[in-house]
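Colleague: Quick one: the structure is below, questions incoming.
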Amino acid sequence: MLLTPAVAPPAVATRCPYCALQCAMTLTPSGRGATVDAGPGGLCRKGWTSAELLDSGRRLTSPLVRDGRHGRLREASWDEALDRAAAGFRAAQLAGGPHAVGVFGGGGLTNEKAYLLGKLARIVLRTSQIDYNGRFCMSSAAAGAMRAFGLDRGLPFPLDDVGEADAVLLVGSNLAETMPPVVQHLTRLRERGGSLIVVDPRRTPTAAAAAVHLQPQPGTDLALTNGLLFLAIDEGFVDEEYIAARTTGWADVKSTVAGYWPGRVERMTGVAETDLRTTIRLLGKADKALVLTARGAEQHAHGVDTVSALIDLALALGLPGRPGSGWGCLTGQGNGQGGREHGQKADQLPGYRRLDDPAARAHVAAVWGIDPDDLPQPGRSAYELLDALGTDGGPRALLLMGSNPVVSAPRAGHVQSRLASLDHLVVADVVLSETAAMADVVLPVAQWAEEDGTTTDLQGRVLLRRRAIDPPAGVRTDLQVLSGLAARLGHATGFAADPREVFDELRRASAGGAADYAGISYDRLEAGEALHWPCPDEQHPGTPRLFLDRFATADGRARFVAVEQPIAPEPVDDTYPLHLTTGRVATQYQSGAQTRRIDSLTATAPEGFVELHPFLAEQLAVQDGERVRVVTRRGEAFVRARLTDAIRPDTVFVPFHWAGRQRANLLTSDALDPVSRMPAFKVCAGRIDRLEEALR
Amino acid sequence: MRRVVVVGNGMAGARLIDELCRRDPGVLVTVFGAEDRPAYNRILLSDVLAGRREQADIALTPAPSRVVQRLGTAVTTVDRTARVVHADDGTQTPYDALVLATGSTAIVPPVQGIAGHDGRLLEGVHVFRTVDDCTAITAGATSARRAVVVGGGLLGLEAARGLLARGLQVDLVHGAGHLMETQLDATAGAVLRRAIEALGVGVHLGSFAAGVLGGRTVQGVRLADGREVDGDLVVLACGVRPQVDLARAAGLAVERGVLVDDRLRTDDPHVFALGECAQHRGAVYGLVAPAWEQAAVLADVLCGGLAAYTGSRLVTRLKAMDLEVAAMGETSPEPADSGAGLEVLAFCDPTRHVYKKLVLRDGVVTGALLLGDLATAGAVTQAFDRGRPLPADRLHLLFAGLGTAPAVDPASLPADAVVCTCNAVTAGALRSSGCRTVEDAAGATRATTGCGGCRESVRALLEAAAPTPVLVPERRSA
């Protein structure tokens, strides 16, 4: 006799918790957790295993507080924890004024959370000191796009265009490992006879699948791009008609890139002229061509200028604003797009408005029911905020949500000491991250499967994440945390904990802004509409393709910006003879707070390592698998050597997912881009030391 | 140094001004240019000659509007005591820092009949140095039939390329035993010669031009050994001479060029020099790259920085018709040189016009030649620039793709090799899954369901792992 199963719990269609691809997934409640099924676009292994953290013993299920500076964290009630959190903020502001409290957010937070966090900072704490870890991801691409097009939306066209293009230039992205399901678009491109060109100092799985792989010295993408533009002129691929009709500033760019003749670019980049020519011919002859950038090009002290060079190349070829062609950037974090639009950034108000724009202040102040003059002015950027913590004139208390800077910030050893110098640190997280472990108050929060919310994916499409199961007892949502804190700090209203209610307020706050969400509603998203912002009213179909008729500048034309390859902020020398670069591996994510706690992922990628070429290993007498010390001017990390001929012999690569002495960011530089304030994560000077026998 | 006067608006002077204005928005700059036109990119002149670019397309980035440009105006004297320069328009311009970027002039060789009594070149004979020279040559090329290029160095070869592109029959005469003898060894010179001969260029080596043929207009060139080469257009590419008259008249220390120290300072602390007119540690450079390196250093010095110039490593690149050449450093160590640690590696494939050579001392690249196949040019030039010992493997610098593991046949992967990286599915797991199709394997193991990039590998592996098909005999009814 068969057992009759109970009524099957409903499967819930939602989105993956990880990267900006936001793959469709279905969650079916099972026990205290859920099982995962892929949507039509597939999932990578992180997506398949994401539910393992839902019923994991490693997540936090009770608030924690620390008694005294050197006390241990102990469990506390929500009331005690929130009271303590609020009291610490009040005390800091009583002593040091409103800006004595800082707020640090994350690009993984939903639109609703990012919005409410910014609102809390501006009208409850009234502090200028708010920024978020997206500064470390998207700020250079955003600034480059703003100055060229007057608008920043990662992909100003649908992602599907990638598979329909004839040539794609991918600069500084290893998407086969960082967002694997995108590869199906590249496969389609190849099957249609299109060409992929990858620029990366490593022959990543993405580069290995390319028709052409350019392998420049880290930090020289700008010279390489200007060199490509030199050759575009040389070979007659410049679209003069487009330039005349849709752009300004070409003459300066043309004369600047005349200084990037192939022989000079070879010396700067190490990329041979013949490969540059092959590349420009593929791009120049393509009917539809895309130039895509990612962190490899952007995370530099000259990241914005590098983005400008790549946009200049795209403009010279006549690509942006032409259906099927264009420039775009591949956003990284889950809500890296929406997270940079709604006010958790130092200089920004919801709807991608500027905090220093009087009209923007007036609009948002009206939605919030305050006097515009009560809004603070722009404050410090992410690294500068962390660097100022506990110093004279810097914040003495910090609210941190959705980020783990002890692992993810540059010059992490220094950042850790700044965090340690705070009087009061409050961290909301799912697990006891390395940063949460330093906090005075730890607030355990719900995961993606346990709450509703929206994210905006890399193509500017707003997506609905649905609650599939209840959070464990003792866990609250981030919105509940913000609502509870606001109430304790004197704002009993205006901070709803219901995502739909917050989203409806966000719609009003964003209305008329660049990132206009006014016409996007939970009802429309639930009905399955594919809505890309701007979407100004409920009848509006959204805007999958931007710039078809005009760019978002005052005169409607795109701006060329002439840029030069600067001298490296940290050139290699006899003490630090290697270029050190950092990045990701396929089965870990960001600071690893989630993925290091999923056994099946750590089984594949259990520990940090440094990739080096066998030629270099031979010179250093380092064996594969040997533990070594990687040293830069900021510090040292201890990781295993991994030999691979896929990397330039003058370059080493350290992934940044691991904590403690394996932290890549103990090594990275805090040199910042002058425009975007992006740290130079992607290159600094370093060396590898062998360890004494006892340390190995 | 608030008031900077730059004499010379060529590649060096214009670059200095650009670097200076980037660093110091308050600096006051006056530039004198002998040519009455904005600065242009001399590197691209050979493209203009070849008809690949328009003259209007080679302008350098215009100087910021606050830079006072005195174009078509020559500086006549420098009063170093008063710190004032006098120009031929009668003006006087005071300076805190004076920069000489006067460049060089083309050498006209002592060839009988090449110039009239007034010093003017015979009609149809041109040097190749400026935009005006280029205009004159291209104008002449429209009516000329045969061109003779005198000089087989870098510039002569580029001129030959340009004239060939304009449809002229081209001969090239060169006094040395092989082409580009400053940069190339004899073997490379021979490869280069064969390559350009294959394109129809007549090459005449080993004898200098001794006289020109013709009366009012040129009709050819007579060589010292008696050979005669016909041509109604003659282009002289016989090298350049640093333009040091102004410096010498001002009493500055001058040898071949104006002597400068590591701060690019002359023996007068208020006077600097850079580019082709400057002589640093005994070297006078005739390429743009060193001038730009000097410009970056001098801009820093003028802004109070501590930068120092220690000399440049020269890399010469030539695109002579189909053949490309990269040459750097010492390329012909003396045969008798058995200096400790000297290594010379060479590869020659004459029929394909390919020649490659590496010279190393103590494992460090001190010179290299690449002809015909420049796929490793980026790696070689960077190795040469850095001066660090090479790995034991030298071949990767000669042949692209060496130093890279060959693709692995999926069928031979060990059991623990990960085939689907998205889902960490190993070769062993796929083999033991018993699946026969990619679709079955996707269902059983999730392989291929992430990026799908492993699809072909999975298929090959499953096919290889499949047991030999067994024919199941048809069951007969009893």
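We name chains A, B, ... following the order of the structure tokens; residues begin at 1 in each chain, and ligands are numbered from 1 as shown.
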Under the rule of at most 6 Å, produce a per-residue listing of chain A near chain B: chain, number, name, the closest pair of atoms, and the distance in Å, as a Markdown table, using only C-alpha atoms.

Modeller:
| residue | atom | partner | partner_atom | distance |
| --- | --- | --- | --- | --- |
| A:Gly42 | CA | B:Gly450 | CA | 5.6 |
| A:Leu43 | CA | B:Gly450 | CA | 5.1 |
| A:Cys44 | CA | B:Gly450 | CA | 4.4 |
| A:Arg45 | CA | B:Asn423 | CA | 4.7 |
| A:Pro180 | CA | B:Cys451 | CA | 4.4 |
| A:Pro181 | CA | B:Cys451 | CA | 4.2 |
| A:Val183 | CA | B:Cys451 | CA | 4.9 |
| A:Gln184 | CA | B:Cys451 | CA | 5.8 |
| A:Asp252 | CA | B:Thr61 | CA | 5.8 |
| A:Ser255 | CA | B:Thr61 | CA | 4.9 |
| A:Thr256 | CA | B:Thr61 | CA | 5.8 |
| A:Glu266 | CA | B:Gly378 | CA | 4.7 |
| A:Arg267 | CA | B:Gln382 | CA | 5.7 |
| A:Gly270 | CA | B:Gly378 | CA | 3.8 |
| A:Val271 | CA | B:Gly378 | CA | 4.7 |
| A:Ala272 | CA | B:Gly378 | CA | 4.6 |
| A:Phe615 | CA | B:Pro391 | CA | 5.4 |
| A:Asp645 | CA | B:Thr404 | CA | 5.7 |

Colleague: Enumerate the residues of stretch 235-411 of chain B with a DSSP assignment of strand (DSSP E or B), computed from the backbone, and present them as a VMD selection string.

Modeller: chain B and resid 235 to 236 240 to 242 254 258 to 260 265 271 to 273 278 to 280 283 315 to 320 323 to 329 342 to 349 354 to 361 364 to 371

Colleague: Neighbours of A:Tyr517 within 6 Å (only C-alpha atoms; same-chain residues fewer than 3 positions away dropped), as a PyMOL selection string?

Modeller: chain A and resi 507+510+520+535

Colleague: Just write the chosen residues, N, CA, C and O atoms, as an mmCIF file, in the first residue's frame.

Modeller:
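Done, and the output landed in selection.cif:
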data_model
loop_
_atom_site.group_PDB
_atom_site.id
_atom_site.type_symbol
_atom_site.label_atom_id
_atom_site.label_comp_id
_atom_site.auth_asym_id
_atom_site.auth_seq_id
_atom_site.Cartn_x
_atom_site.Cartn_y
_atom_site.Cartn_z
ATOM 1 N N ARG A 507 8.976 54.040 -5.544
ATOM 2 C CA ARG A 507 8.476 54.447 -6.868
ATOM 3 C C ARG A 507 8.228 55.951 -6.898
ATOM 4 O O ARG A 507 8.581 56.630 -7.856
ATOM 5 N N SER A 510 11.532 57.831 -6.786
ATOM 6 C CA SER A 510 12.334 57.750 -8.018
ATOM 7 C C SER A 510 11.654 58.448 -9.197
ATOM 8 O O SER A 510 12.288 58.666 -10.226
ATOM 9 N N ILE A 520 6.557 50.835 -12.270
ATOM 10 C CA ILE A 520 6.808 49.412 -11.981
ATOM 11 C C ILE A 520 6.137 49.063 -10.660
ATOM 12 O O ILE A 520 6.365 49.723 -9.652
ATOM 13 N N CYS A 535 10.728 53.568 -16.392
ATOM 14 C CA CYS A 535 9.347 53.162 -16.639
ATOM 15 C C CYS A 535 8.476 54.149 -15.863
ATOM 16 O O CYS A 535 8.121 53.900 -14.713
#

Colleague: Show me, as a PyMOL selection string, the residues that have an atom within 10 Å of A:Ala530 when counting only C-alpha atoms, minus same-chain residues fewer than 3 positions from it.

Modeller: chain A and resi 461-463+520+524-525+527+541-544

Colleague: When you count only C-alpha atoms, which of these residues is closest to A:Leu73: A:Asp152, A:Asp440, A:Val171, A:Gln619?

Modeller: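 Checking each of A:Asp152, A:Asp440, A:Val171, A:Gln619 against A:Leu73, counting only C-alpha atoms, the winner is A:Asp440.
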
Colleague: Rank A:Val415, A:Ile598, A:Leu117, A:Ala309 by their smallest atom-to-atom distance to A:Leu506, using only C-alpha atoms, and report the top residue only.

Modeller: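 Closest candidate: A:Leu117.
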
Colleague: Which residues are close to stretch 343-350 of chain B, i.e. within 10 Å by only C-alpha atoms, leaving aside same-chain residues fewer than 3 positions away? Reply as a PyMOL selection string.

Modeller: chain B and resi 187-188+190-192+194-195+331-333+338-340+353-372+394-395+398-399

Colleague: At a cut-off of 12 Å, using only C-alpha atoms, what residues contact A:Asp356? Leave out same-chain residues fewer than 5 positions from it and give the result as a list in words.

Modeller: Ser128, Ala346, Asp347, Gln348, Leu349, Arg361, Ala362, Pro372, Asp373, Leu375, Pro376, Gln377, Pro378 and Gly379 of chain A

Colleague: Using backbone DSSP assignments, extract all alpha helix (DSSP H) residues from stretch 136-353 of chain A; output them as a PyMOL selection string.

Modeller: chain A and resi 139-149+161-164+175-178+183-191+205-208+221-234+240-246+250-257+262-269+273-285+295-298+303-316

Colleague: Find the residues around stretch 139-142 of chain B up to 10 Å (only C-alpha atoms counted), leave out those fewer than 2 positions away in its own chain, and share them as a CSV table (one decimal) with C-alpha atoms, in the first residue's frame.

Modeller:
chain,number,residue,atom,x,y,z
B,49,LEU,CA,53.3,59.8,-47.9
B,123,GLU,CA,64.3,69.9,-58.8
B,124,GLY,CA,63.0,66.5,-58.1
B,125,VAL,CA,65.3,65.9,-55.1
B,126,HIS,CA,63.7,66.0,-51.6
B,133,ASP,CA,58.8,67.8,-47.4
B,134,CYS,CA,56.0,65.3,-47.6
B,135,THR,CA,53.8,67.6,-49.6
B,136,ALA,CA,56.6,68.2,-52.0
B,137,ILE,CA,57.3,64.5,-52.5
B,144,ALA,CA,57.2,60.9,-61.6
B,145,ARG,CA,57.7,57.4,-62.9
B,146,ARG,CA,60.6,56.1,-61.0
B,147,ALA,CA,61.8,57.0,-57.6
B,163,LEU,CA,56.3,55.7,-52.9
B,166,ARG,CA,51.7,55.6,-54.8
B,167,GLY,CA,52.4,53.3,-57.8
B,168,LEU,CA,56.0,54.3,-58.5
B,232,ASP,CA,62.9,61.3,-61.8
B,233,LEU,CA,62.2,61.6,-58.1
B,234,VAL,CA,64.9,61.3,-55.5

Colleague: Kindly give the distance, in Å, that separates atom CA of B:Gly202 and atom CA of B:Val48, rounded to a single decimal.

Modeller: 22.7 Å

Colleague: Would you mind reading off the distance between atom CA of A:Thr110 and atom CA of A:Glu341, one decimal, in Å?

Modeller: 11.2 Å
